[in-house]
$ cat target26.cif   # mmCIF, C-alpha atoms
data_model
#
loop_
_atom_site.group_PDB
_atom_site.id
_atom_site.type_symbol
_atom_site.label_atom_id
_atom_site.label_comp_id
_atom_site.auth_asym_id
_atom_site.auth_seq_id
_atom_site.Cartn_x
_atom_site.Cartn_y
_atom_site.Cartn_z
ATOM 1 C CA MET A 1395 4.882 -3.307 11.745
ATOM 2 C CA SER A 1396 5.831 -1.226 8.672
ATOM 3 C CA ASN A 1397 8.385 -3.849 7.602
ATOM 4 C CA ILE A 1398 5.613 -6.484 7.551
ATOM 5 C CA VAL A 1399 3.482 -4.185 5.386
ATOM 6 C CA SER A 1400 6.354 -3.728 2.934
ATOM 7 C CA TYR A 1401 6.824 -7.533 2.776
ATOM 8 C CA LEU A 1402 3.113 -8.012 2.075
ATOM 9 C CA PHE A 1403 3.443 -5.695 -0.927
ATOM 10 C CA LYS A 1404 6.866 -6.965 -2.033
ATOM 11 C CA THR A 1405 5.729 -10.610 -2.161
ATOM 12 C CA ASN A 1406 2.298 -9.776 -3.664
ATOM 13 C CA ALA A 1407 0.665 -11.202 -0.537
ATOM 14 C CA ILE A 1408 -1.587 -8.146 -0.825
ATOM 15 C CA ARG A 1409 -2.397 -7.017 -4.355
ATOM 16 C CA PHE A 1410 -4.480 -3.960 -5.116
ATOM 17 C CA CYS A 1411 -6.323 -3.819 -8.424
ATOM 18 C CA GLU A 1412 -5.472 -1.380 -11.191
ATOM 19 C CA GLU A 1413 -7.678 1.672 -11.421
ATOM 20 C CA ASN A 1414 -11.232 0.697 -12.465
ATOM 21 C CA LYS A 1415 -10.247 -2.986 -12.791
ATOM 22 C CA PRO A 1416 -11.450 -4.770 -9.644
ATOM 23 C CA PHE A 1417 -10.615 -8.432 -9.202
ATOM 24 C CA TRP A 1418 -13.132 -11.209 -9.718
ATOM 25 C CA TYR A 1419 -13.552 -13.425 -6.647
ATOM 26 C CA THR A 1420 -14.609 -17.074 -6.865
ATOM 27 C CA SER A 1421 -17.976 -16.157 -5.290
ATOM 28 C CA GLY A 1422 -18.903 -14.075 -8.343
ATOM 29 C CA LYS A 1423 -18.414 -10.837 -6.447
ATOM 30 C CA ILE A 1424 -15.727 -8.266 -7.235
ATOM 31 C CA GLY A 1425 -13.330 -6.316 -5.061
ATOM 32 C CA PRO A 1426 -10.253 -4.084 -5.107
ATOM 33 C CA TYR A 1427 -7.729 -6.422 -3.462
ATOM 34 C CA PHE A 1428 -6.509 -9.982 -3.201
ATOM 35 C CA ILE A 1429 -4.795 -11.351 -0.109
ATOM 36 C CA ASN A 1430 -2.522 -14.409 -0.173
ATOM 37 C CA THR A 1431 -0.850 -14.047 3.215
ATOM 38 C CA HIS A 1432 1.173 -17.236 2.813
ATOM 39 C CA PHE A 1433 3.267 -15.510 0.104
ATOM 40 C CA VAL A 1434 5.293 -13.908 2.942
ATOM 41 C CA TYR A 1435 6.828 -17.380 3.212
ATOM 42 C CA GLY A 1436 9.338 -15.593 0.981
ATOM 43 C CA ASN A 1437 7.712 -15.451 -2.432
ATOM 44 C CA GLU A 1438 4.786 -16.852 -4.373
ATOM 45 C CA LYS A 1439 6.671 -19.817 -5.854
ATOM 46 C CA ASP A 1440 8.008 -21.088 -2.524
ATOM 47 C CA ALA A 1441 4.567 -20.669 -0.945
ATOM 48 C CA VAL A 1442 2.810 -22.554 -3.747
ATOM 49 C CA ASP A 1443 5.467 -25.296 -3.573
ATOM 50 C CA LEU A 1444 4.885 -25.758 0.170
ATOM 51 C CA LEU A 1445 1.105 -25.927 -0.324
ATOM 52 C CA SER A 1446 1.594 -28.588 -3.019
ATOM 53 C CA PHE A 1447 3.921 -30.509 -0.701
ATOM 54 C CA ILE A 1448 1.284 -30.403 2.065
ATOM 55 C CA ASP A 1449 -1.389 -31.670 -0.339
ATOM 56 C CA GLU A 1450 0.825 -34.553 -1.451
ATOM 57 C CA THR A 1451 1.606 -35.531 2.157
ATOM 58 C CA LEU A 1452 -1.781 -34.800 3.715
ATOM 59 C CA SER A 1453 -3.030 -38.387 3.867
ATOM 60 C CA ASP A 1454 -0.648 -39.351 6.711
ATOM 61 C CA HIS A 1455 -1.683 -37.178 9.640
ATOM 62 C CA LEU A 1456 1.057 -38.464 11.940
ATOM 63 C CA THR A 1457 4.080 -37.872 9.692
ATOM 64 C CA LEU A 1458 2.927 -34.608 8.088
ATOM 65 C CA PRO A 1459 3.694 -32.165 10.960
ATOM 66 C CA LYS A 1460 7.403 -33.095 11.095
ATOM 67 C CA LYS A 1461 7.760 -32.894 7.301
ATOM 68 C CA VAL A 1462 6.109 -29.470 7.150
ATOM 69 C CA PHE A 1463 8.153 -28.250 10.129
ATOM 70 C CA GLU A 1464 11.415 -29.283 8.443
ATOM 71 C CA LYS A 1465 10.450 -27.304 5.334
ATOM 72 C CA THR A 1466 9.496 -24.194 7.334
ATOM 73 C CA LEU A 1467 12.632 -24.395 9.488
ATOM 74 C CA GLU A 1468 14.836 -24.566 6.397
ATOM 75 C CA GLN A 1469 13.007 -21.568 4.911
ATOM 76 C CA TYR A 1470 13.312 -19.690 8.214
ATOM 77 C CA ASN A 1471 17.067 -20.233 8.163
ATOM 78 C CA THR A 1472 17.536 -19.205 4.531
ATOM 79 C CA ASN A 1473 14.859 -16.627 3.609
ATOM 80 C CA GLU A 1474 15.184 -13.140 5.093
ATOM 81 C CA ILE A 1475 11.578 -12.066 4.497
ATOM 82 C CA TYR A 1476 10.074 -15.173 6.105
ATOM 83 C CA LYS A 1477 12.514 -15.037 9.032
ATOM 84 C CA ASN A 1478 11.670 -11.390 9.727
ATOM 85 C CA VAL A 1479 7.918 -12.041 9.563
ATOM 86 C CA ILE A 1480 8.216 -14.995 11.972
ATOM 87 C CA ASP A 1481 10.519 -13.101 14.356
ATOM 88 C CA THR A 1482 8.110 -10.143 14.351
ATOM 89 C CA MET A 1483 5.182 -12.439 15.118
ATOM 90 C CA LYS A 1484 7.122 -14.105 17.947
ATOM 91 C CA SER A 1485 8.011 -10.722 19.499
ATOM 92 C CA TYR A 1486 4.435 -9.512 19.104
ATOM 93 C CA ILE A 1487 3.116 -12.591 20.912
ATOM 94 C CA GLU A 1488 5.665 -12.155 23.707
ATOM 95 C CA LYS A 1489 4.611 -8.503 24.170
ATOM 96 C CA ASN A 1490 0.871 -9.217 24.242
ATOM 97 C CA ILE A 1491 0.572 -12.603 25.959
ATOM 98 C CA ASN A 1492 2.206 -14.024 29.067
ATOM 99 C CA VAL A 1493 3.956 -16.864 27.214
ATOM 100 C CA SER A 1494 4.228 -18.956 30.377
ATOM 101 C CA GLU A 1495 0.404 -19.253 30.291
ATOM 102 C CA ILE A 1496 0.428 -20.839 26.814
ATOM 103 C CA ASP A 1497 0.316 -24.637 27.029
ATOM 104 C CA TYR A 1498 -0.020 -25.400 23.301
ATOM 105 C CA ILE A 1499 0.214 -23.698 19.918
ATOM 106 C CA SER A 1500 -2.333 -24.838 17.333
ATOM 107 C CA GLY A 1501 -2.604 -24.392 13.578
ATOM 108 C CA GLY A 1502 -5.268 -25.528 11.129
ATOM 109 C CA GLU A 1503 -5.075 -27.181 7.723
ATOM 110 C CA ARG A 1504 -3.312 -25.843 5.613
ATOM 111 C CA ARG A 1505 -2.016 -22.287 5.475
ATOM 112 C CA ASP A 1506 -1.852 -21.856 9.249
ATOM 113 C CA TRP A 1507 1.044 -24.354 9.270
ATOM 114 C CA PHE A 1508 3.227 -21.871 7.363
ATOM 115 C CA PHE A 1509 3.349 -19.972 10.671
ATOM 116 C CA SER A 1510 2.171 -22.119 13.591
ATOM 117 C CA ASN A 1511 4.809 -24.884 13.390
ATOM 118 C CA ILE A 1512 7.812 -22.579 13.458
ATOM 119 C CA ILE A 1513 6.291 -20.365 16.186
ATOM 120 C CA ALA A 1514 5.721 -23.465 18.367
ATOM 121 C CA TYR A 1515 9.381 -24.387 17.884
ATOM 122 C CA LEU A 1516 10.648 -20.882 18.706
ATOM 123 C CA LEU A 1517 8.419 -20.543 21.779
ATOM 124 C CA ASN A 1518 9.255 -24.105 22.870
ATOM 125 C CA LYS A 1519 5.596 -25.188 23.013
ATOM 126 C CA PRO A 1520 3.988 -28.434 21.819
ATOM 127 C CA HIS A 1521 1.998 -28.042 18.600
ATOM 128 C CA ILE A 1522 -1.522 -29.245 17.800
ATOM 129 C CA SER A 1523 -2.139 -29.809 14.086
ATOM 130 C CA ILE A 1524 -5.856 -29.520 13.321
ATOM 131 C CA TYR A 1525 -7.208 -31.141 10.170
ATOM 132 C CA LYS A 1526 -10.360 -30.105 8.322
ATOM 133 C CA ASP A 1527 -12.150 -33.233 9.540
ATOM 134 C CA LEU A 1528 -11.504 -31.905 13.100
ATOM 135 C CA SER A 1529 -9.024 -34.692 13.880
ATOM 136 C CA THR A 1530 -5.886 -33.568 15.721
ATOM 137 C CA VAL A 1531 -2.335 -34.717 16.408
ATOM 138 C CA VAL A 1532 0.123 -33.296 18.926
ATOM 139 C CA SER A 1533 3.852 -32.821 18.280
ATOM 140 C CA ASP A 1534 6.567 -31.838 20.737
ATOM 141 C CA SER A 1535 8.137 -28.428 20.135
ATOM 142 C CA LYS A 1536 10.969 -29.896 18.019
ATOM 143 C CA PHE A 1537 8.518 -32.082 16.045
ATOM 144 C CA GLU A 1538 10.515 -35.202 16.892
ATOM 145 C CA GLN A 1539 7.419 -37.064 18.093
ATOM 146 C CA THR A 1540 3.820 -36.745 16.923
ATOM 147 C CA THR A 1541 0.993 -38.656 18.585
ATOM 148 C CA GLU A 1542 -2.780 -38.774 18.746
ATOM 149 C CA VAL A 1543 -3.954 -37.323 22.047
ATOM 150 C CA GLN A 1544 -7.503 -37.726 23.379
ATOM 151 C CA ASN A 1545 -7.489 -35.062 26.095
ATOM 152 C CA ILE A 1546 -5.397 -32.023 27.025
ATOM 153 C CA ASN A 1547 -7.251 -31.496 30.309
ATOM 154 C CA GLY A 1548 -8.275 -27.850 30.212
ATOM 155 C CA LYS A 1549 -4.960 -26.576 28.828
ATOM 156 C CA LYS A 1550 -4.720 -23.117 27.196
ATOM 157 C CA VAL A 1551 -4.058 -22.856 23.476
ATOM 158 C CA LEU A 1552 -2.772 -20.067 21.211
ATOM 159 C CA HIS A 1553 -4.009 -20.556 17.645
ATOM 160 C CA ILE A 1554 -1.763 -19.168 14.898
ATOM 161 C CA ALA A 1555 -3.245 -18.457 11.448
ATOM 162 C CA ASP A 1556 -2.319 -16.678 8.250
ATOM 163 C CA LEU A 1557 -5.494 -14.622 7.992
ATOM 164 C CA ILE A 1558 -8.798 -13.864 9.669
ATOM 165 C CA THR A 1559 -11.864 -12.651 7.768
ATOM 166 C CA VAL A 1560 -15.161 -13.460 9.529
ATOM 167 C CA ALA A 1561 -13.609 -16.227 11.684
ATOM 168 C CA SER A 1562 -15.688 -18.958 9.989
ATOM 169 C CA SER A 1563 -12.821 -21.500 10.173
ATOM 170 C CA TYR A 1564 -12.429 -20.783 13.881
ATOM 171 C CA ILE A 1565 -16.137 -21.172 14.615
ATOM 172 C CA ARG A 1566 -16.647 -24.200 12.351
ATOM 173 C CA ALA A 1567 -13.435 -26.109 12.993
ATOM 174 C CA TRP A 1568 -10.530 -24.833 15.092
ATOM 175 C CA ILE A 1569 -12.385 -23.931 18.312
ATOM 176 C CA PRO A 1570 -14.537 -27.115 18.314
ATOM 177 C CA ALA A 1571 -11.483 -29.311 17.572
ATOM 178 C CA ILE A 1572 -9.657 -27.961 20.638
ATOM 179 C CA GLU A 1573 -12.822 -28.195 22.741
ATOM 180 C CA ASN A 1574 -13.117 -31.860 21.652
ATOM 181 C CA LEU A 1575 -9.705 -32.336 23.297
ATOM 182 C CA GLY A 1576 -10.917 -30.713 26.502
ATOM 183 C CA GLY A 1577 -8.828 -27.588 25.845
ATOM 184 C CA LYS A 1578 -9.601 -23.924 25.156
ATOM 185 C CA ILE A 1579 -8.308 -21.529 22.521
ATOM 186 C CA GLU A 1580 -7.574 -18.469 24.648
ATOM 187 C CA TRP A 1581 -5.731 -16.435 22.009
ATOM 188 C CA SER A 1582 -5.460 -16.097 18.246
ATOM 189 C CA CYS A 1583 -2.602 -14.451 16.370
ATOM 190 C CA VAL A 1584 -2.701 -13.864 12.614
ATOM 191 C CA VAL A 1585 -0.510 -12.106 10.093
ATOM 192 C CA VAL A 1586 -3.441 -10.247 8.490
ATOM 193 C CA ASP A 1587 -6.866 -9.273 9.823
ATOM 194 C CA ARG A 1588 -9.189 -8.330 6.959
ATOM 195 C CA MET A 1589 -11.277 -6.336 9.482
ATOM 196 C CA GLN A 1590 -14.537 -7.979 8.457
ATOM 197 C CA GLY A 1591 -15.793 -8.903 11.912
ATOM 198 C CA GLY A 1592 -13.595 -11.885 12.764
ATOM 199 C CA LYS A 1593 -12.073 -10.254 15.831
ATOM 200 C CA GLU A 1594 -15.540 -9.503 17.228
ATOM 201 C CA LYS A 1595 -16.725 -13.075 16.531
ATOM 202 C CA LEU A 1596 -13.723 -14.414 18.469
ATOM 203 C CA ALA A 1597 -14.405 -12.001 21.332
ATOM 204 C CA GLU A 1598 -17.877 -13.550 21.627
ATOM 205 C CA LYS A 1599 -16.076 -16.879 22.181
ATOM 206 C CA ASN A 1600 -13.773 -15.243 24.770
ATOM 207 C CA VAL A 1601 -10.761 -15.511 22.443
ATOM 208 C CA LYS A 1602 -8.307 -12.586 22.420
ATOM 209 C CA SER A 1603 -7.458 -11.739 18.801
ATOM 210 C CA LEU A 1604 -4.057 -10.348 17.762
ATOM 211 C CA SER A 1605 -2.910 -9.363 14.269
ATOM 212 C CA LEU A 1606 0.298 -7.973 12.793
ATOM 213 C CA VAL A 1607 -1.477 -6.035 10.006
ATOM 214 C CA ASN A 1608 -5.046 -4.769 9.647
ATOM 215 C CA VAL A 1609 -6.583 -4.142 6.226
ATOM 216 C CA ASP A 1610 -7.982 -0.682 6.940
ATOM 217 C CA SER A 1611 -7.580 3.021 6.182
ATOM 218 C CA ASN A 1612 -4.089 3.100 7.707
ATOM 219 C CA LEU A 1613 -2.913 0.364 5.326
ATOM 220 C CA PHE A 1614 -4.406 2.168 2.327
ATOM 221 C CA LYS A 1615 -2.669 5.380 3.389
ATOM 222 C CA GLN A 1616 0.656 3.530 3.675
ATOM 223 C CA ALA A 1617 0.134 2.074 0.195
ATOM 224 C CA LEU A 1618 -0.556 5.577 -1.148
ATOM 225 C CA ASP A 1619 2.520 7.008 0.606
ATOM 226 C CA MET A 1620 4.649 4.185 -0.839
ATOM 227 C CA GLY A 1621 3.376 4.952 -4.354
ATOM 228 C CA ILE A 1622 1.692 1.541 -4.692
ATOM 229 C CA ILE A 1623 -1.747 3.062 -5.344
ATOM 230 C CA ASN A 1624 -3.092 6.452 -6.430
ATOM 231 C CA GLU A 1625 -5.841 8.610 -4.876
ATOM 232 C CA SER A 1626 -8.556 7.121 -7.088
ATOM 233 C CA GLN A 1627 -7.609 3.565 -6.078
ATOM 234 C CA LYS A 1628 -7.483 4.637 -2.426
ATOM 235 C CA GLU A 1629 -10.996 6.072 -2.752
ATOM 236 C CA MET A 1630 -12.323 2.722 -4.007
ATOM 237 C CA LEU A 1631 -10.485 0.853 -1.226
ATOM 238 C CA GLU A 1632 -11.913 3.184 1.429
ATOM 239 C CA GLY A 1633 -15.419 2.724 0.050
ATOM 240 C CA PHE A 1634 -15.014 -1.047 -0.110
ATOM 241 C CA PHE A 1635 -13.762 -1.089 3.480
ATOM 242 C CA LYS A 1636 -16.837 0.813 4.696
ATOM 243 C CA ASN A 1637 -19.461 -0.889 2.509
ATOM 244 C CA PRO A 1638 -18.190 -3.484 0.016
ATOM 245 C CA ASP A 1639 -21.479 -4.310 -1.718
ATOM 246 C CA GLU A 1640 -22.652 -0.724 -2.178
ATOM 247 C CA THR A 1641 -19.222 0.374 -3.444
ATOM 248 C CA MET A 1642 -19.024 -2.433 -6.014
ATOM 249 C CA LYS A 1643 -22.664 -1.940 -7.057
ATOM 250 C CA LYS A 1644 -21.962 1.742 -7.745
ATOM 251 C CA PHE A 1645 -18.831 0.778 -9.699
ATOM 252 C CA LEU A 1646 -20.814 -1.628 -11.904
ATOM 253 C CA ILE A 1647 -23.493 1.006 -12.558
ATOM 254 C CA ASP A 1648 -20.859 3.633 -13.413
ATOM 255 C CA HIS A 1649 -18.857 1.194 -15.584
ATOM 256 C CA PRO A 1650 -21.350 -1.049 -17.449
ATOM 257 C CA GLU A 1651 -18.581 -2.067 -19.873
ATOM 258 C CA PHE A 1652 -16.740 -3.868 -17.044
ATOM 259 C CA LEU A 1653 -19.401 -6.598 -16.727
ATOM 260 C CA GLU A 1654 -19.990 -6.694 -20.471
ATOM 261 C CA ASN A 1655 -16.278 -7.293 -21.118
ATOM 262 C CA ALA A 1656 -16.117 -9.944 -18.377
ATOM 263 C CA LEU A 1657 -18.976 -11.909 -20.001
ATOM 264 C CA ASN A 1658 -16.917 -12.016 -23.209
ATOM 265 C CA SER A 1659 -13.595 -12.827 -21.543
ATOM 266 C CA ASP A 1660 -11.719 -16.033 -20.651
ATOM 267 C CA GLU A 1661 -13.583 -19.080 -19.299
ATOM 268 C CA LYS A 1662 -12.821 -18.431 -15.614
ATOM 269 C CA THR A 1663 -13.918 -14.789 -15.745
ATOM 270 C CA VAL A 1664 -17.086 -15.645 -17.706
ATOM 271 C CA LYS A 1665 -18.018 -18.237 -15.075
ATOM 272 C CA ARG A 1666 -17.625 -15.700 -12.247
ATOM 273 C CA ALA A 1667 -19.446 -12.952 -14.148
ATOM 274 C CA LYS A 1668 -22.375 -15.326 -14.756
ATOM 275 C CA LEU A 1669 -22.496 -16.047 -11.021
ATOM 276 C CA LEU A 1670 -22.835 -12.306 -10.421
ATOM 277 C CA VAL A 1671 -25.567 -11.860 -13.031
ATOM 278 C CA GLU A 1672 -27.577 -15.038 -12.370
ATOM 279 C CA GLY A 1673 -27.327 -14.662 -8.608
ATOM 280 C CA ASN A 1674 -28.158 -10.949 -8.855
ATOM 281 C CA LEU A 1675 -25.398 -10.465 -6.287
ATOM 282 C CA TYR A 1676 -25.556 -6.676 -6.324
ATOM 283 C CA GLY A 1677 -29.285 -6.221 -6.929
ATOM 284 C CA LEU A 1678 -28.746 -4.868 -10.452
ATOM 285 C CA ASN A 1679 -31.437 -6.910 -12.258
#
$ encode --input "target26.cif" --output "structure tokens"
Amino acid sequence: MSNIVSYLFKTNAIRFCEENKPFWYTSGKIGPYFINTHFVYGNEKDAVDLLSFIDETLSDHLTLPKKVFEKTLEQYNTNEIYKNVIDTMKSYIEKNINVSEIDYISGGERRDWFFSNIIAYLLNKPHISIYKDLSTVVSDSKFEQTTEVQNINGKKVLHIADLITVASSYIRAWIPAIENLGGKIEWSCVVVDRMQGGKEKLAEKNVKSLSLVNVDSNLFKQALDMGIINESQKEMLEGFFKNPDETMKKFLIDHPEFLENALNSDEKTVKRAKLLVEGNLYGLN
């Protein structure tokens, strides 16, 4: 999977922070990396454009799947990075799952569709588009027809997603949506597993979890070997992987100027820094 790792870095789908400059997350917490898996669609601009297109077209649940599929198929045929990522995912699925057992591929609103639609087409499986309101539509493998289906009668589903963290989207939305149809998500395949317990949560639901890349010590070592990070950055990443809150708390204690500067920075950073302080997110007060 080393080519997938290089694509994640090349497209900025995974970005590591500069030394002693962790990123601010929307929650008000801080951390040493950002992950935007959908950037392996080829590049950031193309990925952002497709997301915007989905947002503009989202209101019509029946016509959206075909429109998104046409965009992803065109990208697959013209962008080497995206094609290689999709082909790798397809091969990985074929090696780890008996494809003849898969009745449907599913993907959830919105980023899952960067990957699920084209995989359904390549594996010649009908596709279930799941919306955030838990409504669903089913398309044939070529996305020529999309219909509302009430029941799939116990059929087995492979869910394709961009990323898994703690599997909250699966538990809250994707698994219940398929169960509402009388089906069962048997497998999940993602591009990136953040290794924060999602795989274990899915196992509790009897879902087999597959991932092309895991955010763990091996990835950090590869980044070091490729010259993307230095030893000091790797040390922070390793600490964050083992215990994110303790590692970031220690960083804030060792670098008081980091929070001070953030509170006097641009509007977005100030807002996030205030969330950290007012919520006492790291028990510093």
$ resolve_selection --input "target26.cif" --expression "the PyMOL selection byres ((chain A and resi 1495) around 10)" --output "MDAnalysis selection string"
chainID A and resid 1491:1494 1496:1498 1549:1552 1580
$ residues_around --input "target26.cif" --residues "Phe1433 of chain A" --least-positions-apart "2" --cutoff "8 Å" --atoms "all atoms listed in the file" --output "MDAnalysis selection string"
chainID A and resid 1402 1405:1407 1430:1431 1435:1438 1440:1441
$ resolve_selection --input "target26.cif" --expression "the PyMOL selection byres ((chain A and resi 1507) around 9)" --output "list of chain:residue names"
A:Pro1459, A:Val1462, A:Phe1463, A:Thr1466, A:Ser1500, A:Gly1501, A:Gly1502, A:Glu1503, A:Arg1504, A:Arg1505, A:Asp1506, A:Phe1508, A:Phe1509, A:Ser1510, A:Asn1511, A:Ile1512, A:Ser1523, A:Ile1554, A:Ala1555, A:Asp1556
$ resolve_selection --input "target26.cif" --expression "the PyMOL selection byres ((chain A and resi 1586-1598) around 8)" --output "ChimeraX atom specification"
/A:1431,1556-1562,1564,1584-1585,1599-1603,1605-1610
$ residues_around --input "target26.cif" --residues "segment 1525-1535 of chain A" --least-positions-apart "5" --cutoff "7 Å" --atoms "all atoms listed in the file" --output "PyMOL selection string"
chain A and resi 1456+1502-1503+1514-1515+1518-1520+1540-1543+1567+1571
$ residues_around --input "target26.cif" --residues "Leu1669 of chain A" --least-positions-apart "4" --cutoff "9 Å" --atoms "all atoms listed in the file" --output "PyMOL selection string"
chain A and resi 1420-1423+1664-1665+1673-1675
$ atom_distance --input "target26.cif" --atom1 "atom CA of Ile1499 of chain A" --atom2 "atom CA of Asn1478 of chain A"
19.7 Å
$ residues_around --input "target26.cif" --residues "Phe1635 of chain A" --least-positions-apart "2" --cutoff "10 Å" --atoms "only C-alpha atoms" --output "number ranges by chain"
A: 1426, 1588-1590, 1609-1611, 1614, 1629-1633, 1637-1639, 1641
$ atom_distance --input "target26.cif" --atom1 "atom CA of His1649 of chain A" --atom2 "atom CA of Leu1613 of chain A"
26.3 Å
$ atom_distance --input "target26.cif" --atom1 "atom CA of Gly1577 of chain A" --atom2 "atom CA of Ile1565 of chain A"
14.9 Å
$ residues_around --input "target26.cif" --residues "Asn1397 of chain A" --least-positions-apart "3" --cutoff "10 Å" --atoms "all atoms listed in the file" --output "VMD selection string"
chain A and resid 1400 to 1402 1475 1478 to 1479 1482
$ write_last_selection --input "target26.cif" --atoms "C-alpha atoms" --output "PDB file, in the coordinates of the input"
ATOM      1  CA  SER A1400       6.354  -3.728   2.934  1.00  0.00           C
ATOM      2  CA  TYR A1401       6.824  -7.533   2.776  1.00  0.00           C
ATOM      3  CA  LEU A1402       3.113  -8.012   2.075  1.00  0.00           C
ATOM      4  CA  ILE A1475      11.578 -12.066   4.497  1.00  0.00           C
ATOM      5  CA  ASN A1478      11.670 -11.390   9.727  1.00  0.00           C
ATOM      6  CA  VAL A1479       7.918 -12.041   9.563  1.00  0.00           C
ATOM      7  CA  THR A1482       8.110 -10.143  14.351  1.00  0.00           C
TER       8      THR A1482
END
